[in-house]
$ cat entry-v5.pdb   # PDB, C-alpha atoms and all ligand atoms
ATOM      1  CA  MET W   1      17.805 -16.731  -7.608  1.00  0.00           C
ATOM      2  CA  LYS W   2      16.908 -14.145 -10.201  1.00  0.00           C
ATOM      3  CA  ASN W   3      19.331 -11.272 -10.621  1.00  0.00           C
ATOM      4  CA  ILE W   4      17.936  -8.536  -8.369  1.00  0.00           C
ATOM      5  CA  GLU W   5      19.250  -5.798 -10.654  1.00  0.00           C
ATOM      6  CA  THR W   6      17.119  -7.026 -13.556  1.00  0.00           C
ATOM      7  CA  LEU W   7      13.788  -6.990 -11.671  1.00  0.00           C
ATOM      8  CA  ASP W   8      11.344  -4.286 -12.722  1.00  0.00           C
ATOM      9  CA  TRP W   9      12.013  -1.754  -9.981  1.00  0.00           C
ATOM     10  CA  SER W  10      10.028   1.104 -11.453  1.00  0.00           C
ATOM     11  CA  TYR W  11       6.954  -1.138 -11.560  1.00  0.00           C
ATOM     12  CA  ILE W  12       7.460  -2.139  -7.914  1.00  0.00           C
ATOM     13  CA  ALA W  13       7.987   1.477  -6.844  1.00  0.00           C
ATOM     14  CA  ASP W  14       4.729   2.389  -8.603  1.00  0.00           C
ATOM     15  CA  ASP W  15       2.830  -0.419  -6.869  1.00  0.00           C
ATOM     16  CA  LEU W  16       4.248   0.591  -3.496  1.00  0.00           C
ATOM     17  CA  HIS W  17       3.180   4.203  -4.045  1.00  0.00           C
ATOM     18  CA  ARG W  18      -0.290   3.225  -5.238  1.00  0.00           C
ATOM     19  CA  LYS W  19      -1.170   0.214  -3.101  1.00  0.00           C
ATOM     20  CA  GLY W  20       1.433  -0.127  -0.364  1.00  0.00           C
ATOM     21  CA  TYR W  21       2.683  -3.461  -1.684  1.00  0.00           C
ATOM     22  CA  GLY W  22       4.132  -5.119  -4.757  1.00  0.00           C
ATOM     23  CA  LEU W  23       4.760  -8.728  -5.714  1.00  0.00           C
ATOM     24  CA  MET W  24       7.860 -10.084  -7.425  1.00  0.00           C
ATOM     25  CA  GLU W  25       7.148 -13.477  -8.818  1.00  0.00           C
ATOM     26  CA  GLN W  26       9.487 -16.462  -8.804  1.00  0.00           C
ATOM     27  CA  VAL W  27      12.614 -14.738  -7.505  1.00  0.00           C
ATOM     28  CA  LEU W  28      13.907 -17.756  -5.576  1.00  0.00           C
ATOM     29  CA  SER W  29      14.114 -21.226  -7.105  1.00  0.00           C
ATOM     30  CA  PRO W  30      12.221 -24.133  -5.495  1.00  0.00           C
ATOM     31  CA  SER W  31      15.511 -25.616  -4.240  1.00  0.00           C
ATOM     32  CA  GLU W  32      16.562 -22.324  -2.629  1.00  0.00           C
ATOM     33  CA  CYS W  33      13.191 -22.276  -0.844  1.00  0.00           C
ATOM     34  CA  ASP W  34      13.616 -25.887   0.256  1.00  0.00           C
ATOM     35  CA  GLU W  35      17.081 -25.186   1.638  1.00  0.00           C
ATOM     36  CA  LEU W  36      15.767 -22.291   3.698  1.00  0.00           C
ATOM     37  CA  VAL W  37      12.951 -24.451   5.051  1.00  0.00           C
ATOM     38  CA  ALA W  38      15.463 -27.200   5.919  1.00  0.00           C
ATOM     39  CA  SER W  39      17.655 -24.670   7.748  1.00  0.00           C
ATOM     40  CA  TYR W  40      14.758 -23.964  10.124  1.00  0.00           C
ATOM     41  CA  HIS W  41      15.833 -27.105  11.935  1.00  0.00           C
ATOM     42  CA  GLU W  42      19.474 -26.056  12.395  1.00  0.00           C
ATOM     43  CA  PRO W  43      19.553 -24.152  15.708  1.00  0.00           C
ATOM     44  CA  ALA W  44      23.032 -22.690  15.072  1.00  0.00           C
ATOM     45  CA  HIS W  45      21.523 -20.135  12.647  1.00  0.00           C
ATOM     46  CA  TYR W  46      19.238 -18.521  15.209  1.00  0.00           C
ATOM     47  CA  ARG W  47      19.446 -16.254  18.219  1.00  0.00           C
ATOM     48  CA  LYS W  48      15.902 -16.768  19.508  1.00  0.00           C
ATOM     49  CA  THR W  49      12.759 -18.863  18.929  1.00  0.00           C
ATOM     50  CA  ILE W  50       9.352 -17.348  19.589  1.00  0.00           C
ATOM     51  CA  VAL W  51       6.325 -19.538  20.266  1.00  0.00           C
ATOM     52  CA  MET W  52       3.626 -17.184  19.065  1.00  0.00           C
ATOM     53  CA  GLU W  53       0.749 -18.226  21.298  1.00  0.00           C
ATOM     54  CA  ARG W  54       2.835 -17.444  24.374  1.00  0.00           C
ATOM     55  CA  TYR W  55       2.706 -13.763  23.449  1.00  0.00           C
ATOM     56  CA  ARG W  56      -0.777 -13.978  21.931  1.00  0.00           C
ATOM     57  CA  PHE W  57       0.749 -13.144  18.529  1.00  0.00           C
ATOM     58  CA  GLY W  58      -1.185 -15.986  16.919  1.00  0.00           C
ATOM     59  CA  LEU W  59      -0.374 -19.666  16.550  1.00  0.00           C
ATOM     60  CA  GLY W  60       2.926 -20.815  15.105  1.00  0.00           C
ATOM     61  CA  GLU W  61       6.617 -20.375  15.721  1.00  0.00           C
ATOM     62  CA  TYR W  62       9.379 -18.211  14.400  1.00  0.00           C
ATOM     63  CA  ARG W  63      13.130 -17.908  14.700  1.00  0.00           C
ATOM     64  CA  TYR W  64      15.287 -14.824  14.481  1.00  0.00           C
ATOM     65  CA  PHE W  65      18.545 -15.300  12.634  1.00  0.00           C
ATOM     66  CA  GLN W  66      21.861 -14.566  14.218  1.00  0.00           C
ATOM     67  CA  TYR W  67      24.627 -12.478  12.605  1.00  0.00           C
ATOM     68  CA  PRO W  68      26.309 -13.174  10.249  1.00  0.00           C
ATOM     69  CA  LEU W  69      23.251 -13.912   8.111  1.00  0.00           C
ATOM     70  CA  PRO W  70      23.456 -16.652   5.474  1.00  0.00           C
ATOM     71  CA  ASP W  71      24.913 -15.191   2.230  1.00  0.00           C
ATOM     72  CA  LEU W  72      21.690 -15.388   0.229  1.00  0.00           C
ATOM     73  CA  ILE W  73      19.752 -13.506   2.901  1.00  0.00           C
ATOM     74  CA  GLN W  74      22.464 -10.879   3.409  1.00  0.00           C
ATOM     75  CA  HIS W  75      22.538 -10.332  -0.345  1.00  0.00           C
ATOM     76  CA  LEU W  76      18.748  -9.924  -0.568  1.00  0.00           C
ATOM     77  CA  ARG W  77      18.664  -7.562   2.411  1.00  0.00           C
ATOM     78  CA  GLN W  78      21.395  -5.306   0.996  1.00  0.00           C
ATOM     79  CA  SER W  79      20.242  -5.266  -2.585  1.00  0.00           C
ATOM     80  CA  PHE W  80      16.538  -4.734  -1.851  1.00  0.00           C
ATOM     81  CA  TYR W  81      17.380  -1.976   0.627  1.00  0.00           C
ATOM     82  CA  ALA W  82      19.290  -0.033  -2.027  1.00  0.00           C
ATOM     83  CA  LYS W  83      16.331  -0.258  -4.428  1.00  0.00           C
ATOM     84  CA  LEU W  84      13.731   0.648  -1.807  1.00  0.00           C
ATOM     85  CA  ALA W  85      15.531   3.534  -0.038  1.00  0.00           C
ATOM     86  CA  PRO W  86      14.465   6.046  -2.754  1.00  0.00           C
ATOM     87  CA  VAL W  87      10.807   5.009  -2.284  1.00  0.00           C
ATOM     88  CA  ALA W  88      11.122   5.395   1.508  1.00  0.00           C
ATOM     89  CA  ASN W  89      12.756   8.804   1.103  1.00  0.00           C
ATOM     90  CA  LYS W  90       9.989   9.963  -1.205  1.00  0.00           C
ATOM     91  CA  TRP W  91       7.384   8.932   1.389  1.00  0.00           C
ATOM     92  CA  MET W  92       9.133  10.822   4.196  1.00  0.00           C
ATOM     93  CA  GLN W  93       9.533  13.869   1.971  1.00  0.00           C
ATOM     94  CA  VAL W  94       5.867  14.133   0.920  1.00  0.00           C
ATOM     95  CA  LEU W  95       4.724  13.542   4.516  1.00  0.00           C
ATOM     96  CA  ASN W  96       7.130  16.208   5.817  1.00  0.00           C
ATOM     97  CA  ILE W  97       8.884  13.754   8.105  1.00  0.00           C
ATOM     98  CA  ASP W  98      12.474  14.618   8.908  1.00  0.00           C
ATOM     99  CA  GLN W  99      13.986  11.211   8.147  1.00  0.00           C
ATOM    100  CA  HIS W 100      16.468  10.409   5.425  1.00  0.00           C
ATOM    101  CA  TYR W 101      17.451   6.849   4.582  1.00  0.00           C
ATOM    102  CA  PRO W 102      21.037   6.474   3.347  1.00  0.00           C
ATOM    103  CA  ALA W 103      21.494   5.042  -0.136  1.00  0.00           C
ATOM    104  CA  ASN W 104      23.289   1.934   1.039  1.00  0.00           C
ATOM    105  CA  PHE W 105      22.414  -0.667   3.607  1.00  0.00           C
ATOM    106  CA  GLN W 106      25.664  -0.509   5.609  1.00  0.00           C
ATOM    107  CA  ASP W 107      25.099   3.169   6.355  1.00  0.00           C
ATOM    108  CA  PHE W 108      21.519   2.515   7.433  1.00  0.00           C
ATOM    109  CA  GLN W 109      22.727  -0.260   9.716  1.00  0.00           C
ATOM    110  CA  THR W 110      25.268   2.107  11.284  1.00  0.00           C
ATOM    111  CA  LYS W 111      22.372   4.463  12.103  1.00  0.00           C
ATOM    112  CA  CYS W 112      20.491   1.573  13.741  1.00  0.00           C
ATOM    113  CA  HIS W 113      23.552   0.699  15.801  1.00  0.00           C
ATOM    114  CA  GLU W 114      23.906   4.302  16.969  1.00  0.00           C
ATOM    115  CA  LYS W 115      20.391   3.920  18.440  1.00  0.00           C
ATOM    116  CA  GLN W 116      21.361   0.657  20.192  1.00  0.00           C
ATOM    117  CA  GLN W 117      19.368  -1.310  17.604  1.00  0.00           C
ATOM    118  CA  THR W 118      21.933  -4.035  16.969  1.00  0.00           C
ATOM    119  CA  LYS W 119      20.018  -7.333  16.913  1.00  0.00           C
ATOM    120  CA  PRO W 120      19.049  -8.950  13.598  1.00  0.00           C
ATOM    121  CA  THR W 121      15.323  -8.966  12.806  1.00  0.00           C
ATOM    122  CA  VAL W 122      15.366 -11.372   9.848  1.00  0.00           C
ATOM    123  CA  LEU W 123      13.173 -14.310  10.712  1.00  0.00           C
ATOM    124  CA  ILE W 124      11.770 -17.564   9.440  1.00  0.00           C
ATOM    125  CA  LEU W 125       8.207 -18.484  10.345  1.00  0.00           C
ATOM    126  CA  LYS W 126       6.440 -21.829  10.507  1.00  0.00           C
ATOM    127  CA  TYR W 127       2.702 -22.341  10.767  1.00  0.00           C
ATOM    128  CA  GLY W 128       0.980 -25.720  10.946  1.00  0.00           C
ATOM    129  CA  GLU W 129      -2.726 -26.470  10.873  1.00  0.00           C
ATOM    130  CA  GLY W 130      -4.627 -23.751  12.751  1.00  0.00           C
ATOM    131  CA  GLY W 131      -1.572 -21.481  12.519  1.00  0.00           C
ATOM    132  CA  HIS W 132      -2.099 -17.772  12.001  1.00  0.00           C
ATOM    133  CA  ASN W 133      -0.423 -14.436  12.664  1.00  0.00           C
ATOM    134  CA  THR W 134      -2.457 -11.603  14.174  1.00  0.00           C
ATOM    135  CA  LEU W 135      -2.371  -8.182  12.502  1.00  0.00           C
ATOM    136  CA  HIS W 136       0.740  -6.282  13.529  1.00  0.00           C
ATOM    137  CA  GLN W 137       3.558  -3.935  12.546  1.00  0.00           C
ATOM    138  CA  ASP W 138       7.218  -4.922  12.833  1.00  0.00           C
ATOM    139  CA  LEU W 139       8.736  -1.958  14.662  1.00  0.00           C
ATOM    140  CA  TYR W 140      11.716  -2.756  16.861  1.00  0.00           C
ATOM    141  CA  GLY W 141      12.840   0.636  18.134  1.00  0.00           C
ATOM    142  CA  ASP W 142      12.627   4.330  17.219  1.00  0.00           C
ATOM    143  CA  LEU W 143      14.404   3.873  13.927  1.00  0.00           C
ATOM    144  CA  PHE W 144      12.517   1.891  11.335  1.00  0.00           C
ATOM    145  CA  PHE W 145      12.541   1.393   7.596  1.00  0.00           C
ATOM    146  CA  PRO W 146       8.971   1.732   6.239  1.00  0.00           C
ATOM    147  CA  ILE W 147       9.071  -1.203   3.800  1.00  0.00           C
ATOM    148  CA  GLN W 148       9.803  -4.914   4.364  1.00  0.00           C
ATOM    149  CA  LEU W 149       9.743  -8.246   2.513  1.00  0.00           C
ATOM    150  CA  VAL W 150       8.224 -11.649   2.935  1.00  0.00           C
ATOM    151  CA  ILE W 151       9.561 -14.536   0.884  1.00  0.00           C
ATOM    152  CA  PHE W 152       7.110 -17.372   0.393  1.00  0.00           C
ATOM    153  CA  LEU W 153       8.803 -20.742   0.919  1.00  0.00           C
ATOM    154  CA  SER W 154       5.809 -23.096   0.591  1.00  0.00           C
ATOM    155  CA  ASP W 155       3.398 -23.855  -2.231  1.00  0.00           C
ATOM    156  CA  PRO W 156      -0.212 -22.821  -1.605  1.00  0.00           C
ATOM    157  CA  GLU W 157      -2.718 -25.621  -2.215  1.00  0.00           C
ATOM    158  CA  LYS W 158       0.114 -28.191  -2.395  1.00  0.00           C
ATOM    159  CA  ASP W 159       1.965 -27.690   0.901  1.00  0.00           C
ATOM    160  CA  TYR W 160      -0.854 -25.922   2.774  1.00  0.00           C
ATOM    161  CA  THR W 161      -4.356 -24.513   2.458  1.00  0.00           C
ATOM    162  CA  GLY W 162      -5.719 -21.292   3.979  1.00  0.00           C
ATOM    163  CA  GLY W 163      -2.886 -19.120   5.299  1.00  0.00           C
ATOM    164  CA  GLU W 164      -3.521 -16.063   3.135  1.00  0.00           C
ATOM    165  CA  PHE W 165      -1.309 -13.031   3.645  1.00  0.00           C
ATOM    166  CA  VAL W 166      -3.520 -10.191   4.881  1.00  0.00           C
ATOM    167  CA  LEU W 167      -2.799  -6.472   4.757  1.00  0.00           C
ATOM    168  CA  THR W 168      -5.076  -3.871   6.269  1.00  0.00           C
ATOM    169  CA  GLN W 169      -5.069  -0.256   5.284  1.00  0.00           C
ATOM    170  CA  GLN W 170      -6.482   2.245   7.735  1.00  0.00           C
ATOM    171  CA  THR W 171      -7.406   5.631   6.368  1.00  0.00           C
ATOM    172  CA  PRO W 172      -7.997   8.347   8.990  1.00  0.00           C
ATOM    173  CA  ARG W 173     -11.655   8.454  10.136  1.00  0.00           C
ATOM    174  CA  ALA W 174     -12.589   5.301   8.220  1.00  0.00           C
ATOM    175  CA  GLN W 175     -12.770   1.570   8.857  1.00  0.00           C
ATOM    176  CA  SER W 176      -9.945  -0.680   7.659  1.00  0.00           C
ATOM    177  CA  LYS W 177      -9.729  -2.104   4.171  1.00  0.00           C
ATOM    178  CA  ALA W 178      -8.419  -5.681   3.919  1.00  0.00           C
ATOM    179  CA  ILE W 179      -6.197  -6.934   1.108  1.00  0.00           C
ATOM    180  CA  VAL W 180      -5.774 -10.713   0.862  1.00  0.00           C
ATOM    181  CA  LEU W 181      -2.915 -12.260  -1.093  1.00  0.00           C
ATOM    182  CA  LYS W 182      -1.740 -15.768  -1.799  1.00  0.00           C
ATOM    183  CA  PRO W 183       1.711 -15.614  -3.393  1.00  0.00           C
ATOM    184  CA  ARG W 184       3.403 -18.748  -4.669  1.00  0.00           C
ATOM    185  CA  LYS W 185       6.574 -20.479  -3.460  1.00  0.00           C
ATOM    186  CA  GLY W 186       9.587 -18.380  -4.530  1.00  0.00           C
ATOM    187  CA  ASP W 187       7.660 -15.086  -4.737  1.00  0.00           C
ATOM    188  CA  ILE W 188       8.737 -12.009  -2.783  1.00  0.00           C
ATOM    189  CA  LEU W 189       6.132  -9.632  -1.429  1.00  0.00           C
ATOM    190  CA  VAL W 190       7.342  -6.093  -0.718  1.00  0.00           C
ATOM    191  CA  PHE W 191       5.018  -4.123   1.569  1.00  0.00           C
ATOM    192  CA  THR W 192       4.580  -1.180   3.916  1.00  0.00           C
ATOM    193  CA  THR W 193       5.725  -1.684   7.511  1.00  0.00           C
ATOM    194  CA  ASN W 194       3.707   0.998   9.250  1.00  0.00           C
ATOM    195  CA  PHE W 195       2.393   3.790   7.040  1.00  0.00           C
ATOM    196  CA  LYS W 196       2.423   5.146   3.517  1.00  0.00           C
ATOM    197  CA  PRO W 197       1.371   8.464   1.992  1.00  0.00           C
ATOM    198  CA  VAL W 198      -1.840   8.938   0.048  1.00  0.00           C
ATOM    199  CA  LYS W 199      -2.498  12.054  -1.953  1.00  0.00           C
ATOM    200  CA  GLY W 200      -5.552  13.983  -0.809  1.00  0.00           C
ATOM    201  CA  THR W 201      -7.042  17.310  -1.849  1.00  0.00           C
ATOM    202  CA  LYS W 202      -4.850  19.186   0.643  1.00  0.00           C
ATOM    203  CA  GLY W 203      -1.599  17.345   0.095  1.00  0.00           C
ATOM    204  CA  TYR W 204      -0.506  13.954   1.369  1.00  0.00           C
ATOM    205  CA  TYR W 205      -1.768  12.175   4.471  1.00  0.00           C
ATOM    206  CA  ARG W 206      -0.759   8.928   6.178  1.00  0.00           C
ATOM    207  CA  VAL W 207      -2.572   5.647   5.953  1.00  0.00           C
ATOM    208  CA  ASN W 208      -1.563   3.012   8.468  1.00  0.00           C
ATOM    209  CA  MET W 209      -0.982  -0.530   7.354  1.00  0.00           C
ATOM    210  CA  LYS W 210      -0.780  -3.773   9.326  1.00  0.00           C
ATOM    211  CA  HIS W 211      -0.171  -7.300   8.156  1.00  0.00           C
ATOM    212  CA  GLY W 212      -0.903 -10.817   9.334  1.00  0.00           C
ATOM    213  CA  VAL W 213      -1.758 -14.315   8.168  1.00  0.00           C
ATOM    214  CA  SER W 214      -5.194 -15.933   8.103  1.00  0.00           C
ATOM    215  CA  GLU W 215      -5.636 -19.393   9.567  1.00  0.00           C
ATOM    216  CA  VAL W 216      -3.826 -22.282   7.882  1.00  0.00           C
ATOM    217  CA  THR W 217      -6.469 -24.959   7.363  1.00  0.00           C
ATOM    218  CA  SER W 218      -4.065 -27.822   6.531  1.00  0.00           C
ATOM    219  CA  GLY W 219      -0.374 -28.563   5.980  1.00  0.00           C
ATOM    220  CA  ASN W 220       2.662 -26.426   6.808  1.00  0.00           C
ATOM    221  CA  ARG W 221       3.411 -22.902   5.662  1.00  0.00           C
ATOM    222  CA  PHE W 222       6.927 -21.406   5.901  1.00  0.00           C
ATOM    223  CA  THR W 223       7.942 -17.821   5.149  1.00  0.00           C
ATOM    224  CA  LEU W 224      11.098 -15.768   5.500  1.00  0.00           C
ATOM    225  CA  GLY W 225      10.697 -12.186   6.667  1.00  0.00           C
ATOM    226  CA  ILE W 226      13.286  -9.539   5.888  1.00  0.00           C
ATOM    227  CA  ILE W 227      12.987  -6.412   7.980  1.00  0.00           C
ATOM    228  CA  PHE W 228      15.690  -3.856   7.333  1.00  0.00           C
ATOM    229  CA  HIS W 229      16.044  -2.163  10.709  1.00  0.00           C
ATOM    230  CA  ASP W 230      17.731  -3.979  13.571  1.00  0.00           C
ATOM    231  CA  ALA W 231      16.106  -4.482  16.971  1.00  0.00           C
ATOM    232  CA  LEU W 232      16.867  -3.219  20.490  1.00  0.00           C
ATOM    233  CA  SER W 233      16.529  -6.757  21.860  1.00  0.00           C
TER     234      SER W 233
HETATM  235  O1  LIG V   1       4.142 -15.419   7.402  1.00  0.00           O
HETATM  236  C1  LIG V   1       3.845 -14.369   6.828  1.00  0.00           C
HETATM  237  O2  LIG V   1       3.398 -14.338   5.682  1.00  0.00           O
HETATM  238  C2  LIG V   1       3.999 -13.056   7.551  1.00  0.00           C
HETATM  239  C3  LIG V   1       5.308 -12.961   8.252  1.00  0.00           C
HETATM  240  C4  LIG V   1       5.515 -11.668   8.979  1.00  0.00           C
HETATM  241  O3  LIG V   1       4.691 -11.186   9.698  1.00  0.00           O
HETATM  242  C5  LIG V   1       6.792 -10.968   8.771  1.00  0.00           C
HETATM  243  O4  LIG V   1       7.686 -11.509   8.097  1.00  0.00           O
HETATM  244  O5  LIG V   1       6.926  -9.865   9.278  1.00  0.00           O
HETATM  245 FE    FE V   2       5.409  -9.271  10.432  1.00  0.00          FE
END

$ encode --input "entry-v5.pdb" --output "structure tokens" --more "lines below"
Ligand SMILES: O=C(O)CCC(=O)C(=O)O
Ligand SMILES: [Fe+2]
Amino acid sequence: MKNIETLDWSYIADDLHRKGYGLMEQVLSPSECDELVASYHEPAHYRKTIVMERYRFGLGEYRYFQYPLPDLIQHLRQSFYAKLAPVANKWMQVLNIDQHYPANFQDFQTKCHEKQQTKPTVLILKYGEGGHNTLHQDLYGDLFFPIQLVIFLSDPEKDYTGGEFVLTQQTPRAQSKAIVLKPRKGDILVFTTNFKPVKGTKGYYRVNMKHGVSEVTSGNRFTLGIIFHDALS
């Protein structure tokens, strides 16, 4: 894994402010990705498996990790949080929302626990042919962090086809804009969980964002999602 400290954080912060997402290329090595994919089949890591069609979330399956998280994931969650908290705080400030995110992850987690949000939300997702994920937002209680990550564990065109990552951006009183991305294995996509500020003529306003995955047309696609807030259940 690349050293998180040496990634270009000012570039990512800029992209998040401007577009609501930013891509960090080749952060995990192919073997780290393969190990995570292999761990999908070790039930001891997980607290719950969700068959997506049962809830009409799409077609595919995902598993929520159990605490303690594997070291690599815990490290990514803590170190990305610390880099992203200033961006989140800036968003809340310009939107006049009374929410301050502590500088370090442990303190944020304590705030989640105080709201009974104690269950880990980190998940690994698997989509086969026909698999897809309907547009959604990952909110798991009142307290949420407005930015999250997806780590791409499979190679587009080699391991699967189709399966683009889709973001929609909904400006008040307008139709949604779609953004379609196809990151490579080992890339980390950082994106908005529910809304981001946009500067208008009379100050900042909110645009809502959702994300999902278009249909996988062949092969298998695995991703790892890191959401920073914990869940009520
Ligand atoms: O599989 C994907 O690319 C999206 C996963 C997702 O919705 C998430 O991690 O929150
Ligand atoms: Fe999601």

$ closest_residue --input "entry-v5.pdb" --among "W:His100, W:Tyr40, W:Ala85, W:Tyr21" --to "His211 (chain W)" --atoms "all atoms listed in the file"
W:Tyr21

$ closest_atom_pairs --input "entry-v5.pdb" --of "region 12-122 of chain W" --to "region 155-175 of chain W" --cutoff "12 Å" --atoms "all atoms listed in the file" --output "tab-separated table"
residue	atom	partner	partner_atom	distance
W:Lys19	CA	W:Gln169	CA	9.3
W:Gly20	CA	W:Gln169	CA	8.6
W:Tyr21	CA	W:Leu167	CA	9.0
W:Gly22	CA	W:Leu167	CA	11.8
W:Leu23	CA	W:Phe165	CA	12.0
W:Gln26	CA	W:Asp155	CA	11.6
W:Pro30	CA	W:Asp155	CA	9.4
W:Cys33	CA	W:Asp155	CA	10.0
W:Asp34	CA	W:Asp155	CA	10.7
W:Leu59	CA	W:Gly163	CA	11.5
W:Gly60	CA	W:Gly163	CA	11.5

$ residues_around --input "entry-v5.pdb" --residues "Gln99 (chain W)" --least-positions-apart "2" --cutoff "12 Å" --atoms "all atoms listed in the file" --output "VMD selection string"
chain W and resid 85 88 to 97 101 to 102 108 111 142 to 146

$ residues_near_ligand --input "entry-v5.pdb" --ligand "ligand LIG 1 (chain V)" --cutoff "9 Å" --atoms "all atoms listed in the file" --output "ChimeraX atom specification"
/W:122-127,132-138,148-152,163-166,189,193,211-213,221-227

$ axis_aligned_box --input "entry-v5.pdb" --around "region 95-114 of chain W" --padding-each-side "3 Å" --output "JSON"
{"center_x": 15.2, "center_y": 7.8, "center_z": 8.4, "size_x": 26.9, "size_y": 22.9, "size_z": 23.1}

$ closest_residue --input "entry-v5.pdb" --among "W:Val198, W:Ile147, W:Val180, W:Val207" --to "ligand FE 2 (chain V)" --atoms "only C-alpha atoms and all ligand atoms"
W:Ile147

$ resolve_selection --input "entry-v5.pdb" --expression "the PyMOL selection byres (((chain W and resi 195) around 7) and not hetatm)" --output "ChimeraX atom specification"
/W:146,192-194,196-197,206-209

$ closest_residue --input "entry-v5.pdb" --among "W:Tyr140, W:Ser233, W:Val51, W:Gly203" --to "ligand FE 2 (chain V)" --atoms "only C-alpha atoms and all ligand atoms"
W:Tyr140

$ resolve_selection --input "entry-v5.pdb" --expression "the PyMOL selection byres (((chain W and resi 12) around 9) and not hetatm)" --output "list in words"
Leu7, Asp8, Trp9, Ser10, Tyr11, Ala13, Asp14, Asp15, Leu16, His17, Tyr21, Gly22, Leu23, Met24 and Val190 of chain W

$ closest_residue --input "entry-v5.pdb" --among "W:Asn104, W:Leu139, W:Ser79, W:Val216" --to "ligand FE 2 (chain V)" --atoms "only C-alpha atoms and all ligand atoms"
W:Leu139

$ atom_distance --input "entry-v5.pdb" --atom1 "CA of Ile188 (chain W)" --atom2 "CA of Gln66 (chain W)"
21.6 Å

$ closest_residue --input "entry-v5.pdb" --among "W:Lys119, W:His229, W:Lys210, W:Lys2" --to "Gln78 (chain W)" --atoms "all atoms listed in the file"
W:His229

$ atom_distance --input "entry-v5.pdb" --atom1 "CA of Tyr62 (chain W)" --atom2 "CA of Val87 (chain W)"
28.6 Å

$ closest_residue --input "entry-v5.pdb" --among "W:Tyr204, W:Tyr81, W:Phe65, W:Phe57" --to "ligand FE 2 (chain V)" --atoms "only C-alpha atoms and all ligand atoms"
W:Phe57

$ atom_distance --input "entry-v5.pdb" --atom1 "CA of Tyr46 (chain W)" --atom2 "CA of Tyr64 (chain W)"
5.5 Å

$ resolve_selection --input "entry-v5.pdb" --expression "the PyMOL selection byres (((chain W and resi 184-186) around 6) and not hetatm)" --output "MDAnalysis selection string"
chainID W and resid 26:29 152:155 183 187

$ write_last_selection --input "entry-v5.pdb" --atoms "C-alpha atoms" --output "tab-separated table (two decimals), in the coordinates of the input"
chain	number	residue	atom	x	y	z
W	26	GLN	CA	9.49	-16.46	-8.80
W	27	VAL	CA	12.61	-14.74	-7.50
W	28	LEU	CA	13.91	-17.76	-5.58
W	29	SER	CA	14.11	-21.23	-7.10
W	152	PHE	CA	7.11	-17.37	0.39
W	153	LEU	CA	8.80	-20.74	0.92
W	154	SER	CA	5.81	-23.10	0.59
W	155	ASP	CA	3.40	-23.86	-2.23
W	183	PRO	CA	1.71	-15.61	-3.39
W	187	ASP	CA	7.66	-15.09	-4.74

$ decode --input "entry-v5.pdb" --residues "region 3-19 of chain W" --atoms "C-alpha atoms" --output "PDB file, in the first residue's frame"
ATOM      1  CA  ASN W   3       1.988   5.691   2.204  1.00  0.00           C
ATOM      2  CA  ILE W   4      -1.231   7.608   2.892  1.00  0.00           C
ATOM      3  CA  GLU W   5       0.684  10.631   4.171  1.00  0.00           C
ATOM      4  CA  THR W   6       2.406  11.116   0.815  1.00  0.00           C
ATOM      5  CA  LEU W   7      -0.792  11.192  -1.287  1.00  0.00           C
ATOM      6  CA  ASP W   8      -1.711  14.572  -2.742  1.00  0.00           C
ATOM      7  CA  TRP W   9      -4.307  15.649  -0.197  1.00  0.00           C
ATOM      8  CA  SER W  10      -4.688  19.223  -1.364  1.00  0.00           C
ATOM      9  CA  TYR W  11      -5.540  17.953  -4.849  1.00  0.00           C
ATOM     10  CA  ILE W  12      -8.144  15.556  -3.424  1.00  0.00           C
ATOM     11  CA  ALA W  13      -9.651  18.272  -1.223  1.00  0.00           C
ATOM     12  CA  ASP W  14      -9.940  20.499  -4.304  1.00  0.00           C
ATOM     13  CA  ASP W  15     -11.652  17.755  -6.313  1.00  0.00           C
ATOM     14  CA  LEU W  16     -14.063  17.059  -3.466  1.00  0.00           C
ATOM     15  CA  HIS W  17     -14.964  20.750  -3.226  1.00  0.00           C
ATOM     16  CA  ARG W  18     -15.386  21.114  -6.981  1.00  0.00           C
ATOM     17  CA  LYS W  19     -16.903  17.804  -8.051  1.00  0.00           C
TER      18      LYS W  19
END
